[in-house]
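Structure below is protein-v4.pdb: PDB, C-alpha atoms.
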MODEL        1
ATOM      1  CA  MET A   1      34.716 -29.779 159.538
ATOM      2  CA  ILE A   2      34.019 -28.035 156.259
ATOM      3  CA  HIS A   3      35.916 -24.951 155.163
ATOM      4  CA  VAL A   4      34.063 -22.222 153.265
ATOM      5  CA  TYR A   5      36.209 -20.794 150.482
ATOM      6  CA  LEU A   6      35.826 -17.653 148.418
ATOM      7  CA  PRO A   7      34.894 -19.076 145.010
ATOM      8  CA  ASP A   8      36.373 -18.032 141.717
ATOM      9  CA  MET A   9      34.065 -15.205 140.619
ATOM     10  CA  GLY A  10      35.497 -14.704 137.161
ATOM     11  CA  GLU A  11      38.587 -14.115 135.103
ATOM     12  CA  ASN A  12      39.278 -10.573 136.285
ATOM     13  CA  VAL A  13      38.105 -10.875 139.863
ATOM     14  CA  THR A  14      41.268 -11.204 141.898
ATOM     15  CA  LYS A  15      40.014  -9.881 145.215
ATOM     16  CA  ALA A  16      36.888  -8.913 147.109
ATOM     17  CA  THR A  17      35.988  -7.258 150.384
ATOM     18  CA  ILE A  18      33.926  -8.966 153.056
ATOM     19  CA  SER A  19      30.871  -6.724 153.337
ATOM     20  CA  TYR A  20      28.421  -8.614 155.535
ATOM     21  CA  TRP A  21      28.150 -11.781 157.600
ATOM     22  CA  TYR A  22      24.614 -13.098 157.819
ATOM     23  CA  PHE A  23      25.493 -15.149 160.931
ATOM     24  CA  GLU A  24      27.715 -14.870 163.961
ATOM     25  CA  SER A  25      30.166 -17.494 165.073
ATOM     26  CA  GLY A  26      28.325 -20.313 166.862
ATOM     27  CA  ALA A  27      25.136 -19.957 164.814
ATOM     28  CA  ALA A  28      23.366 -22.853 163.136
ATOM     29  CA  VAL A  29      23.415 -22.548 159.344
ATOM     30  CA  THR A  30      21.520 -24.354 156.620
ATOM     31  CA  GLU A  31      23.011 -25.643 153.393
ATOM     32  CA  GLY A  32      22.431 -23.183 150.554
ATOM     33  CA  SER A  33      21.456 -20.235 152.738
ATOM     34  CA  ASP A  34      23.323 -16.936 152.430
ATOM     35  CA  LEU A  35      26.371 -17.070 154.693
ATOM     36  CA  VAL A  36      28.522 -14.100 153.773
ATOM     37  CA  GLU A  37      28.349 -11.264 151.268
ATOM     38  CA  VAL A  38      31.475 -10.029 149.529
ATOM     39  CA  ALA A  39      31.798  -6.945 147.358
ATOM     40  CA  THR A  40      33.878  -6.464 144.245
ATOM     41  CA  ASP A  41      33.757  -3.442 141.989
ATOM     42  CA  LYS A  42      30.028  -2.601 141.707
ATOM     43  CA  ALA A  43      28.785  -6.061 142.600
ATOM     44  CA  THR A  44      27.918  -7.922 145.746
ATOM     45  CA  PHE A  45      28.192 -11.692 145.765
ATOM     46  CA  ASN A  46      26.562 -13.978 148.288
ATOM     47  CA  VAL A  47      28.525 -17.035 149.302
ATOM     48  CA  PRO A  48      26.126 -19.765 150.435
ATOM     49  CA  ALA A  49      26.732 -22.250 153.237
ATOM     50  CA  PRO A  50      28.083 -25.449 151.643
ATOM     51  CA  CYS A  51      26.453 -27.649 154.291
ATOM     52  CA  SER A  52      24.171 -27.506 157.300
ATOM     53  CA  GLY A  53      25.824 -27.278 160.688
ATOM     54  CA  THR A  54      27.362 -24.901 163.167
ATOM     55  CA  LEU A  55      29.474 -21.960 162.107
ATOM     56  CA  ILE A  56      32.439 -22.539 164.387
ATOM     57  CA  GLU A  57      34.906 -20.018 163.014
ATOM     58  CA  ILE A  58      34.826 -16.837 160.947
ATOM     59  CA  ALA A  59      38.272 -16.438 159.396
ATOM     60  CA  ALA A  60      37.742 -13.186 157.470
ATOM     61  CA  HIS A  61      35.862 -10.276 158.960
ATOM     62  CA  GLU A  62      33.854  -7.396 157.533
ATOM     63  CA  GLY A  63      36.200  -5.006 155.740
ATOM     64  CA  ASP A  64      38.872  -7.658 155.147
ATOM     65  CA  VAL A  65      40.167  -8.091 151.600
ATOM     66  CA  VAL A  66      40.095 -11.729 150.477
ATOM     67  CA  HIS A  67      41.124 -13.622 147.371
ATOM     68  CA  PRO A  68      39.609 -16.567 145.498
ATOM     69  CA  GLY A  69      40.503 -19.741 147.351
ATOM     70  CA  ASP A  70      40.880 -18.049 150.745
ATOM     71  CA  VAL A  71      39.148 -19.723 153.683
ATOM     72  CA  LEU A  72      36.319 -17.495 154.936
ATOM     73  CA  ALA A  73      34.865 -19.708 157.629
ATOM     74  CA  THR A  74      34.628 -23.206 159.053
ATOM     75  CA  ILE A  75      31.426 -25.140 159.616
ATOM     76  CA  GLU A  76      31.013 -28.187 161.817
ATOM     77  CA  GLU A  77      28.735 -30.320 159.733
ATOM     78  CA  ASP A  78      25.531 -31.736 161.200
ATOM     79  CA  THR A  79      25.663 -35.470 161.567
ATOM     80  CA  VAL A  80      22.603 -37.671 161.483
ATOM     81  CA  VAL A  81      22.642 -40.362 164.157
ATOM     82  CA  GLU A  82      21.358 -43.590 162.678
ATOM     83  CA  GLY A  83      19.203 -44.387 165.698
ATOM     84  CA  GLU A  84      17.502 -41.004 165.596
ATOM     85  CA  GLU A  85      16.745 -41.390 161.904
ATOM     86  CA  ASN A  86      15.143 -44.822 162.471
ATOM     87  CA  GLU A  87      13.187 -43.460 165.398
ATOM     88  CA  GLY A  88      11.706 -40.787 163.154
ATOM     89  CA  LEU A  89      10.699 -43.384 160.572
ATOM     90  CA  ASN A  90       9.069 -45.568 163.193
ATOM     91  CA  ASP A  91       6.967 -42.644 164.387
ATOM     92  CA  ASN A  92       5.419 -42.392 160.950
ATOM     93  CA  VAL A  93       4.471 -46.048 160.722
TER      94      VAL A  93
ATOM     95  CA  MET B  94      49.703  -8.426 133.975
ATOM     96  CA  LYS B  95      46.893  -9.952 131.979
ATOM     97  CA  SER B  96      44.776  -7.549 129.983
ATOM     98  CA  PRO B  97      41.129  -7.624 131.019
ATOM     99  CA  VAL B  98      38.778  -9.734 128.976
ATOM    100  CA  LEU B  99      35.942  -7.376 128.127
ATOM    101  CA  PHE B 100      34.217  -9.398 125.480
ATOM    102  CA  ARG B 101      33.701 -13.050 124.991
ATOM    103  CA  LYS B 102      31.736 -14.676 122.273
ATOM    104  CA  GLN B 103      28.838 -16.664 123.630
ATOM    105  CA  THR B 104      28.822 -20.126 122.187
ATOM    106  CA  GLN B 105      25.228 -20.926 122.916
ATOM    107  CA  THR B 106      21.908 -19.234 122.457
ATOM    108  CA  TYR B 107      19.395 -18.853 125.236
ATOM    109  CA  ALA B 108      15.645 -19.052 125.510
ATOM    110  CA  ALA B 109      14.000 -15.657 125.072
ATOM    111  CA  PRO B 110      13.860 -13.718 128.311
ATOM    112  CA  ARG B 111      10.674 -12.627 129.957
ATOM    113  CA  ILE B 112      10.355  -8.845 129.735
ATOM    114  CA  LEU B 113       8.364  -7.187 132.500
ATOM    115  CA  ASP B 114       7.642  -3.541 131.701
ATOM    116  CA  ALA B 115       6.511  -2.425 135.140
ATOM    117  CA  GLY B 116       6.075   1.285 134.422
ATOM    118  CA  LEU B 117       6.359   3.445 137.547
ATOM    119  CA  LEU B 118       7.099   1.055 140.386
ATOM    120  CA  ALA B 119       8.031   1.799 144.004
ATOM    121  CA  PHE B 120      11.613   0.809 144.763
ATOM    122  CA  GLU B 121      10.650  -1.608 147.532
ATOM    123  CA  GLU B 122       8.062  -3.284 145.301
ATOM    124  CA  ALA B 123      10.665  -3.704 142.572
ATOM    125  CA  LEU B 124      13.032  -5.240 145.111
ATOM    126  CA  ALA B 125      10.374  -7.672 146.343
ATOM    127  CA  LEU B 126       9.584  -8.640 142.754
ATOM    128  CA  GLN B 127      13.262  -9.229 142.011
ATOM    129  CA  ARG B 128      13.710 -11.390 145.104
ATOM    130  CA  LYS B 129      10.721 -13.515 144.122
ATOM    131  CA  ILE B 130      12.016 -14.057 140.585
ATOM    132  CA  VAL B 131      15.585 -14.665 141.794
ATOM    133  CA  ALA B 132      14.292 -17.460 144.053
ATOM    134  CA  GLU B 133      12.390 -18.967 141.125
ATOM    135  CA  VAL B 134      15.421 -18.855 138.827
ATOM    136  CA  ILE B 135      17.701 -20.346 141.514
ATOM    137  CA  SER B 136      15.233 -23.191 141.959
ATOM    138  CA  GLY B 137      15.279 -23.856 138.233
ATOM    139  CA  TRP B 138      11.577 -23.134 137.819
ATOM    140  CA  GLY B 139      11.708 -19.500 136.784
ATOM    141  CA  ASN B 140      12.555 -17.827 133.493
ATOM    142  CA  GLU B 141      15.378 -15.369 133.190
ATOM    143  CA  THR B 142      13.701 -11.975 133.289
ATOM    144  CA  LEU B 143      14.310  -8.330 132.571
ATOM    145  CA  ILE B 144      12.306  -5.896 134.702
ATOM    146  CA  VAL B 145      12.184  -2.400 133.206
ATOM    147  CA  CYS B 146      10.729   0.397 135.293
ATOM    148  CA  GLU B 147      10.958   3.915 136.624
ATOM    149  CA  HIS B 148      10.896   4.680 140.339
ATOM    150  CA  PRO B 149       9.262   7.433 142.341
ATOM    151  CA  PRO B 150      12.032   9.630 143.803
ATOM    152  CA  VAL B 151      14.293   7.599 146.081
ATOM    153  CA  VAL B 152      17.899   7.643 147.253
ATOM    154  CA  THR B 153      19.407   4.180 147.707
ATOM    155  CA  TYR B 154      22.697   3.172 149.208
ATOM    156  CA  GLY B 155      24.681  -0.037 149.585
ATOM    157  CA  ARG B 156      26.372  -1.588 152.597
ATOM    158  CA  ARG B 157      29.727  -0.050 151.721
ATOM    159  CA  THR B 158      28.354   3.466 151.236
ATOM    160  CA  ARG B 159      30.028   6.124 153.295
ATOM    161  CA  MET B 160      27.118   8.009 154.827
ATOM    162  CA  GLU B 161      28.856  11.339 154.250
ATOM    163  CA  ASN B 162      28.097  10.744 150.555
ATOM    164  CA  ILE B 163      24.481  11.582 151.392
ATOM    165  CA  LEU B 164      24.903  15.318 151.644
ATOM    166  CA  VAL B 165      21.577  16.170 153.292
ATOM    167  CA  GLY B 166      19.698  14.750 156.254
ATOM    168  CA  PRO B 167      16.735  12.371 156.015
ATOM    169  CA  GLN B 168      14.368  15.222 156.885
ATOM    170  CA  VAL B 169      15.509  17.211 153.856
ATOM    171  CA  LEU B 170      14.956  14.213 151.606
ATOM    172  CA  LEU B 171      11.565  13.612 153.174
ATOM    173  CA  ALA B 172      10.545  17.240 152.684
ATOM    174  CA  ALA B 173      11.542  16.953 149.018
ATOM    175  CA  GLY B 174       9.407  13.823 148.653
ATOM    176  CA  ILE B 175      12.442  11.586 148.231
ATOM    177  CA  GLY B 176      12.585   8.211 149.941
ATOM    178  CA  LEU B 177      15.727   6.673 151.454
ATOM    179  CA  TYR B 178      16.483   2.983 151.161
ATOM    180  CA  ALA B 179      19.393   0.708 152.151
ATOM    181  CA  VAL B 180      20.038  -2.118 149.704
ATOM    182  CA  ASP B 181      22.196  -5.219 149.306
ATOM    183  CA  ARG B 182      23.830  -4.249 146.035
ATOM    184  CA  GLY B 183      27.285  -3.193 145.035
ATOM    185  CA  GLY B 184      28.097   0.432 144.459
ATOM    186  CA  ASP B 185      27.657   3.602 146.418
ATOM    187  CA  VAL B 186      24.740   5.972 146.913
ATOM    188  CA  THR B 187      22.514   6.844 143.954
ATOM    189  CA  TYR B 188      19.226   8.485 143.101
ATOM    190  CA  HIS B 189      16.280   7.099 141.133
ATOM    191  CA  GLY B 190      13.332   9.112 139.892
ATOM    192  CA  PRO B 191      10.718   9.376 137.158
ATOM    193  CA  GLY B 192      12.273   9.818 133.721
ATOM    194  CA  GLN B 193      15.187   7.535 134.568
ATOM    195  CA  LEU B 194      14.992   4.027 133.113
ATOM    196  CA  VAL B 195      16.045   1.209 135.400
ATOM    197  CA  LEU B 196      16.858  -2.260 134.103
ATOM    198  CA  TYR B 197      16.879  -5.155 136.529
ATOM    199  CA  PRO B 198      18.115  -8.264 134.698
ATOM    200  CA  ILE B 199      17.618 -11.503 136.578
ATOM    201  CA  LEU B 200      20.018 -13.802 134.790
ATOM    202  CA  ASP B 201      21.553 -17.137 135.691
ATOM    203  CA  LEU B 202      25.319 -16.709 135.519
ATOM    204  CA  ARG B 203      25.738 -20.464 136.056
ATOM    205  CA  ARG B 204      24.785 -20.726 132.376
ATOM    206  CA  ARG B 205      26.830 -17.710 131.382
ATOM    207  CA  GLY B 206      30.384 -18.440 132.453
ATOM    208  CA  ARG B 207      30.214 -17.481 136.149
ATOM    209  CA  ASP B 208      32.068 -14.202 135.708
ATOM    210  CA  VAL B 209      30.831 -11.263 137.762
ATOM    211  CA  HIS B 210      32.987  -8.567 136.173
ATOM    212  CA  PHE B 211      32.254  -9.798 132.656
ATOM    213  CA  TYR B 212      28.572  -9.437 133.519
ATOM    214  CA  LEU B 213      29.169  -5.790 134.544
ATOM    215  CA  ARG B 214      30.866  -5.157 131.196
ATOM    216  CA  GLN B 215      27.905  -6.718 129.365
ATOM    217  CA  LEU B 216      25.493  -4.429 131.216
ATOM    218  CA  GLU B 217      27.554  -1.437 130.135
ATOM    219  CA  LEU B 218      27.502  -2.754 126.583
ATOM    220  CA  CYS B 219      23.672  -2.857 126.581
ATOM    221  CA  VAL B 220      23.572   0.883 127.239
ATOM    222  CA  ILE B 221      26.561   1.773 125.045
ATOM    223  CA  ASN B 222      25.166  -0.045 122.012
ATOM    224  CA  ALA B 223      21.692   1.460 122.435
ATOM    225  CA  LEU B 224      23.020   5.013 122.718
ATOM    226  CA  ARG B 225      25.478   4.634 119.839
ATOM    227  CA  GLU B 226      23.309   2.768 117.383
ATOM    228  CA  HIS B 227      20.011   4.539 117.942
ATOM    229  CA  TYR B 228      21.059   8.020 119.006
ATOM    230  CA  GLY B 229      24.563   8.478 117.621
ATOM    231  CA  LEU B 230      25.949   9.336 121.038
ATOM    232  CA  ASN B 231      29.592   8.581 121.691
ATOM    233  CA  ALA B 232      28.880   6.490 124.756
ATOM    234  CA  TYR B 233      31.807   4.748 126.365
ATOM    235  CA  ARG B 234      33.112   3.069 129.490
ATOM    236  CA  LYS B 235      36.069   4.241 131.543
ATOM    237  CA  GLN B 236      38.967   1.961 132.323
ATOM    238  CA  GLY B 237      38.857   0.895 135.946
ATOM    239  CA  LEU B 238      35.369   2.282 136.592
ATOM    240  CA  THR B 239      31.880   0.899 136.132
ATOM    241  CA  GLY B 240      29.157   2.826 134.324
ATOM    242  CA  VAL B 241      28.553   4.572 131.005
ATOM    243  CA  TRP B 242      29.706   8.038 130.052
ATOM    244  CA  VAL B 243      28.950  10.468 127.217
ATOM    245  CA  GLY B 244      31.607  13.143 126.980
ATOM    246  CA  PRO B 245      32.566  14.048 130.546
ATOM    247  CA  TYR B 246      29.195  13.062 131.935
ATOM    248  CA  LYS B 247      28.165   9.813 133.526
ATOM    249  CA  VAL B 248      24.746   8.853 132.156
ATOM    250  CA  ALA B 249      24.271   5.343 133.537
ATOM    251  CA  SER B 250      25.087   3.859 136.927
ATOM    252  CA  ILE B 251      25.441   0.181 137.688
ATOM    253  CA  GLY B 252      25.160  -1.766 140.918
ATOM    254  CA  VAL B 253      24.368  -5.457 141.036
ATOM    255  CA  GLY B 254      23.856  -8.285 143.459
ATOM    256  CA  VAL B 255      24.550 -11.956 142.763
ATOM    257  CA  LYS B 256      22.883 -14.685 144.781
ATOM    258  CA  ASN B 257      23.646 -18.332 143.981
ATOM    259  CA  TRP B 258      24.981 -16.995 140.671
ATOM    260  CA  VAL B 259      21.650 -15.334 139.835
ATOM    261  CA  THR B 260      21.760 -11.579 139.289
ATOM    262  CA  TYR B 261      19.541  -8.810 140.611
ATOM    263  CA  HIS B 262      19.655  -4.999 140.860
ATOM    264  CA  GLY B 263      21.130  -3.569 137.646
ATOM    265  CA  VAL B 264      21.575  -0.395 135.641
ATOM    266  CA  ALA B 265      19.930   3.039 135.758
ATOM    267  CA  LEU B 266      20.063   5.309 132.696
ATOM    268  CA  ASN B 267      19.253   8.980 133.125
ATOM    269  CA  VAL B 268      16.959   9.789 130.204
ATOM    270  CA  VAL B 269      14.699  12.796 130.848
ATOM    271  CA  ASN B 270      14.770  12.905 134.638
ATOM    272  CA  ASP B 271      15.295  15.961 136.802
ATOM    273  CA  MET B 272      18.974  15.878 137.766
ATOM    274  CA  ALA B 273      18.646  18.345 140.667
ATOM    275  CA  PRO B 274      18.225  15.605 143.331
ATOM    276  CA  PHE B 275      21.722  14.337 142.475
ATOM    277  CA  GLU B 276      22.960  17.522 144.160
ATOM    278  CA  MET B 277      21.856  16.006 147.460
ATOM    279  CA  ILE B 278      24.272  13.096 147.188
ATOM    280  CA  ARG B 279      27.790  12.357 146.070
ATOM    281  CA  ALA B 280      26.562   9.899 143.472
ATOM    282  CA  CYS B 281      28.534   6.662 143.109
ATOM    283  CA  GLY B 282      31.128   7.986 145.530
ATOM    284  CA  GLY B 283      31.667  11.136 143.486
ATOM    285  CA  ASN B 284      33.352   9.779 140.358
ATOM    286  CA  GLY B 285      32.127  12.223 137.757
ATOM    287  CA  GLN B 286      29.334  14.640 136.985
ATOM    288  CA  MET B 287      26.000  13.076 136.060
ATOM    289  CA  ALA B 288      23.758  14.011 133.128
ATOM    290  CA  ALA B 289      20.549  12.845 131.489
ATOM    291  CA  ILE B 290      20.852  11.911 127.824
ATOM    292  CA  ALA B 291      18.047  14.362 126.985
ATOM    293  CA  SER B 292      20.580  17.130 127.623
ATOM    294  CA  PHE B 293      22.437  16.058 124.460
ATOM    295  CA  PHE B 294      19.357  16.701 122.282
ATOM    296  CA  LYS B 295      18.652  20.412 122.381
ATOM    297  CA  ASP B 296      15.160  21.402 121.297
ATOM    298  CA  GLU B 297      14.235  17.807 120.565
ATOM    299  CA  ASP B 298      11.879  15.517 122.357
ATOM    300  CA  LEU B 299      13.292  12.274 123.589
ATOM    301  CA  PRO B 300      10.379   9.866 124.059
ATOM    302  CA  ILE B 301      11.215   7.643 127.010
ATOM    303  CA  GLN B 302       9.180   4.771 125.554
ATOM    304  CA  GLU B 303      11.392   4.801 122.476
ATOM    305  CA  VAL B 304      14.553   4.743 124.593
ATOM    306  CA  LYS B 305      13.083   1.884 126.594
ATOM    307  CA  GLY B 306      12.482  -0.099 123.398
ATOM    308  CA  CYS B 307      16.073   0.501 122.275
ATOM    309  CA  LEU B 308      17.465  -0.672 125.621
ATOM    310  CA  ILE B 309      15.355  -3.818 125.580
ATOM    311  CA  GLU B 310      16.463  -4.603 122.027
ATOM    312  CA  SER B 311      20.091  -4.040 123.004
ATOM    313  CA  PHE B 312      19.656  -6.223 126.098
ATOM    314  CA  ARG B 313      18.285  -9.062 123.964
ATOM    315  CA  LYS B 314      21.226  -8.805 121.551
ATOM    316  CA  VAL B 315      23.902  -8.719 124.237
ATOM    317  CA  PHE B 316      22.528 -11.466 126.471
ATOM    318  CA  PHE B 317      20.357 -13.630 124.237
ATOM    319  CA  GLN B 318      21.671 -13.507 120.675
ATOM    320  CA  ASP B 319      25.220 -12.962 119.652
ATOM    321  CA  GLY B 320      26.922 -12.065 122.893
ATOM    322  CA  GLY B 321      27.412  -8.502 121.725
ATOM    323  CA  GLY B 322      30.726  -7.346 120.405
ATOM    324  CA  PRO B 323      33.407  -4.890 121.243
ATOM    325  CA  ALA B 324      32.319  -1.292 121.665
ATOM    326  CA  ARG B 325      33.822   0.766 118.912
TER     327      ARG B 325
ENDMDL
END

Write out the structure in this file as structure tokens.
Amino acid sequence: MIHVYLPDMGENVTKATISYWYFESGAAVTEGSDLVEVATDKATFNVPAPCSGTLIEIAAHEGDVVHPGDVLATIEEDTVVEGEENEGLNDNV
Amino acid sequence: MKSPVLFRKQTQTYAAPRILDAGLLAFEEALALQRKIVAEVISGWGNETLIVCEHPPVVTYGRRTRMENILVGPQVLLAAGIGLYAVDRGGDVTYHGPGQLVLYPILDLRRRGRDVHFYLRQLELCVINALREHYGLNAYRKQGLTGVWVGPYKVASIGVGVKNWVTYHGVALNVVNDMAPFEMIRACGGNGQMAAIASFFKDEDLPIQEVKGCLIESFRKVFFQDGGGPAR
């Protein structure tokens, strides 16, 4: 399981407000895609999914105030089964 | 409590930005253009870019906007020829229209210290320096707020988005635009009366192209040359 943390957004950014979740709990997410938007001062900041997998828990909800380092969500990472990978390769031969 | 770091000397220089002077551009077209360039910059294939444009009349609001800050109904806006658009930027409700210059910098903050609030202060500095150095206006920022003021009037509003550390949206400076539509909203959540900088030059023309040139020059200095310096 991979935790999604609020990153450090700069020297004077001590908190942010969760403004929008792009996915609901249980959804499949792709590494690098927008996962959650937070707002601070006059800026919005998109936190991307750190890995591909299933969003199994949202720990901070829209309107919640969060701080750098706080856990926002948990993702169950996709695992590649060796057999399946080989099968795919064989199909291309 | 630590005092805020408003200025930081950049230790490296950057390749010249691409400047896109888009003239009068519909808000949604500007947004689509920004998204395209943001994706290119994130991928590493695109140049950092400044889009400069004016918009046909439109009211825009962010996800955190309280809808009561739009003081009239959609039908009233429609009848006045003003569009209404929800956007994914920071900040509250605002108005854009011809005669207002809008700067949309698409910059890679991964190369610029990864500091969102410092970026907001740099945007303010672009406007402050241009208005002070070229027009002698005592432009300033207010502690704890975002934007640029001259006297008691707010002249520039800022609202940005950051995606994978690449910026979009930006700053709008009221130059010669009609300020009446601002009466239809509680702009930026109501923190201060708005004004166009033309109102500080009685009986004088203020060519918008000249102001645009000053802003672009200031933008280059702040983000691509010496990192700016403290506002006096």

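Restricting the calculation to only C-alpha atoms, the smallest distance between Asn12 of chain A and any of A:Thr40, A:Ile58, A:Gly53, A:Val65 is found for A:Thr40.
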
- Item | Exercise answer, chain A residues close to chain B, 6 Å and only C-alpha atoms, as a list of chain:residue names |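 The complete set of qualifying residues is A:Met9, A:Gly10, A:Lys42, A:Ala43, A:Thr44, A:Phe45, A:Asn46.
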
Kindly save the residues from that selection, with C-alpha atoms included, as a CSV table (one decimal), keeping the file's coordinate frame.
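Ended up saving to part-v3.csv:
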chain,number,residue,atom,x,y,z
A,9,MET,CA,34.1,-15.2,140.6
A,10,GLY,CA,35.5,-14.7,137.2
A,42,LYS,CA,30.0,-2.6,141.7
A,43,ALA,CA,28.8,-6.1,142.6
A,44,THR,CA,27.9,-7.9,145.7
A,45,PHE,CA,28.2,-11.7,145.8
A,46,ASN,CA,26.6,-14.0,148.3

- Message: Suppose a student applies the PyMOL selection byres ((chain A and resi 16) around 10) to this structure; what residues should they get, written as a VMD selection string?
- Response: chain A and resid 6 9 13 to 15 17 to 19 37 to 41 43 to 45 63 to 68

Just the selected residues (C-alpha atoms), exported as an mmCIF file, in the coordinates of the input, please.
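The result, written out as again_27.cif:
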data_model
loop_
_atom_site.group_PDB
_atom_site.id
_atom_site.type_symbol
_atom_site.label_atom_id
_atom_site.label_comp_id
_atom_site.auth_asym_id
_atom_site.auth_seq_id
_atom_site.Cartn_x
_atom_site.Cartn_y
_atom_site.Cartn_z
ATOM 1 C CA LEU A 6 35.826 -17.653 148.418
ATOM 2 C CA MET A 9 34.065 -15.205 140.619
ATOM 3 C CA VAL A 13 38.105 -10.875 139.863
ATOM 4 C CA THR A 14 41.268 -11.204 141.898
ATOM 5 C CA LYS A 15 40.014 -9.881 145.215
ATOM 6 C CA THR A 17 35.988 -7.258 150.384
ATOM 7 C CA ILE A 18 33.926 -8.966 153.056
ATOM 8 C CA SER A 19 30.871 -6.724 153.337
ATOM 9 C CA GLU A 37 28.349 -11.264 151.268
ATOM 10 C CA VAL A 38 31.475 -10.029 149.529
ATOM 11 C CA ALA A 39 31.798 -6.945 147.358
ATOM 12 C CA THR A 40 33.878 -6.464 144.245
ATOM 13 C CA ASP A 41 33.757 -3.442 141.989
ATOM 14 C CA ALA A 43 28.785 -6.061 142.600
ATOM 15 C CA THR A 44 27.918 -7.922 145.746
ATOM 16 C CA PHE A 45 28.192 -11.692 145.765
ATOM 17 C CA GLY A 63 36.200 -5.006 155.740
ATOM 18 C CA ASP A 64 38.872 -7.658 155.147
ATOM 19 C CA VAL A 65 40.167 -8.091 151.600
ATOM 20 C CA VAL A 66 40.095 -11.729 150.477
ATOM 21 C CA HIS A 67 41.124 -13.622 147.371
ATOM 22 C CA PRO A 68 39.609 -16.567 145.498
#

As AutoDock Vina command-line options, what would the box around segment 15-26 of chain A look like: edges along x, y and z, 6 Å added on every side, centre and edge lengths in Å to one decimal?
--center_x 32.3 --center_y -13.5 --center_z 156.0 --size_x 27.4 --size_y 25.6 --size_z 33.6

- Which residues match the PyMOL selection byres ((chain B and resi 231) around 10) in the file above, as a VMD selection string? chain B and resid 221 to 222 224 to 226 228 to 230 232 to 233 242 to 244 325

- So how many Å separate atom CA of Ile309 of chain B and atom CA of Ile112 of chain B, to one decimal? 8.2 Å

- Suppose you want the space between atom CA of Ile290 of chain B and atom CA of Pro274 of chain B; what is it in Å? 16.2 Å

- Message: Taking all atoms listed in the file into account, name the residue in A:Asp34, A:Glu24, A:Asp78, A:Glu11 that is nearest to Ala59 of chain A.
- Response: A:Glu24

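In this structure, atom CA of Ala125 of chain B sits 20.6 Å away from atom CA of Val36 of chain A.
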
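Using the PyMOL selection byres ((chain B and resi 161) around 10) on this structure selects B:Thr158, B:Arg159, B:Met160, B:Asn162, B:Ile163, B:Leu164, B:Val165, B:Gly166, B:Val186, B:Ile278, B:Arg279, B:Gly282.
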
- Extract, using all atoms listed in the file, all DNA, RNA and protein residues at most 8 Å from Tyr188 of chain B, discarding same-chain residues fewer than 2 positions from it, and format them as a list of chain:residue names.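 My list of contacting residues is B:Pro150, B:Val151, B:Val152, B:Thr153, B:Val186, B:Gly190, B:Pro274, B:Phe275, B:Ile278, B:Ala280.
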
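The smallest atom-to-atom distance between Met287 of chain B and any of B:Val134, B:Ile301, B:Ile199, B:Ala265, using only C-alpha atoms, is found for B:Ala265.
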
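Proximity of B:Ala132, B:Ile175, B:Leu170, B:Cys219 to Ala119 of chain B, computed with all atoms listed in the file, is greatest for B:Ile175.
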
- Query: So which residues fall inside 12 Å of (11.9, -4.2, 145.2) if we count all atoms listed in the file? Mind giving them as an MDAnalysis selection string?
  - Reply: chainID B and resid 115 118:131 144 146:148 153 178:182 195 197 261:263
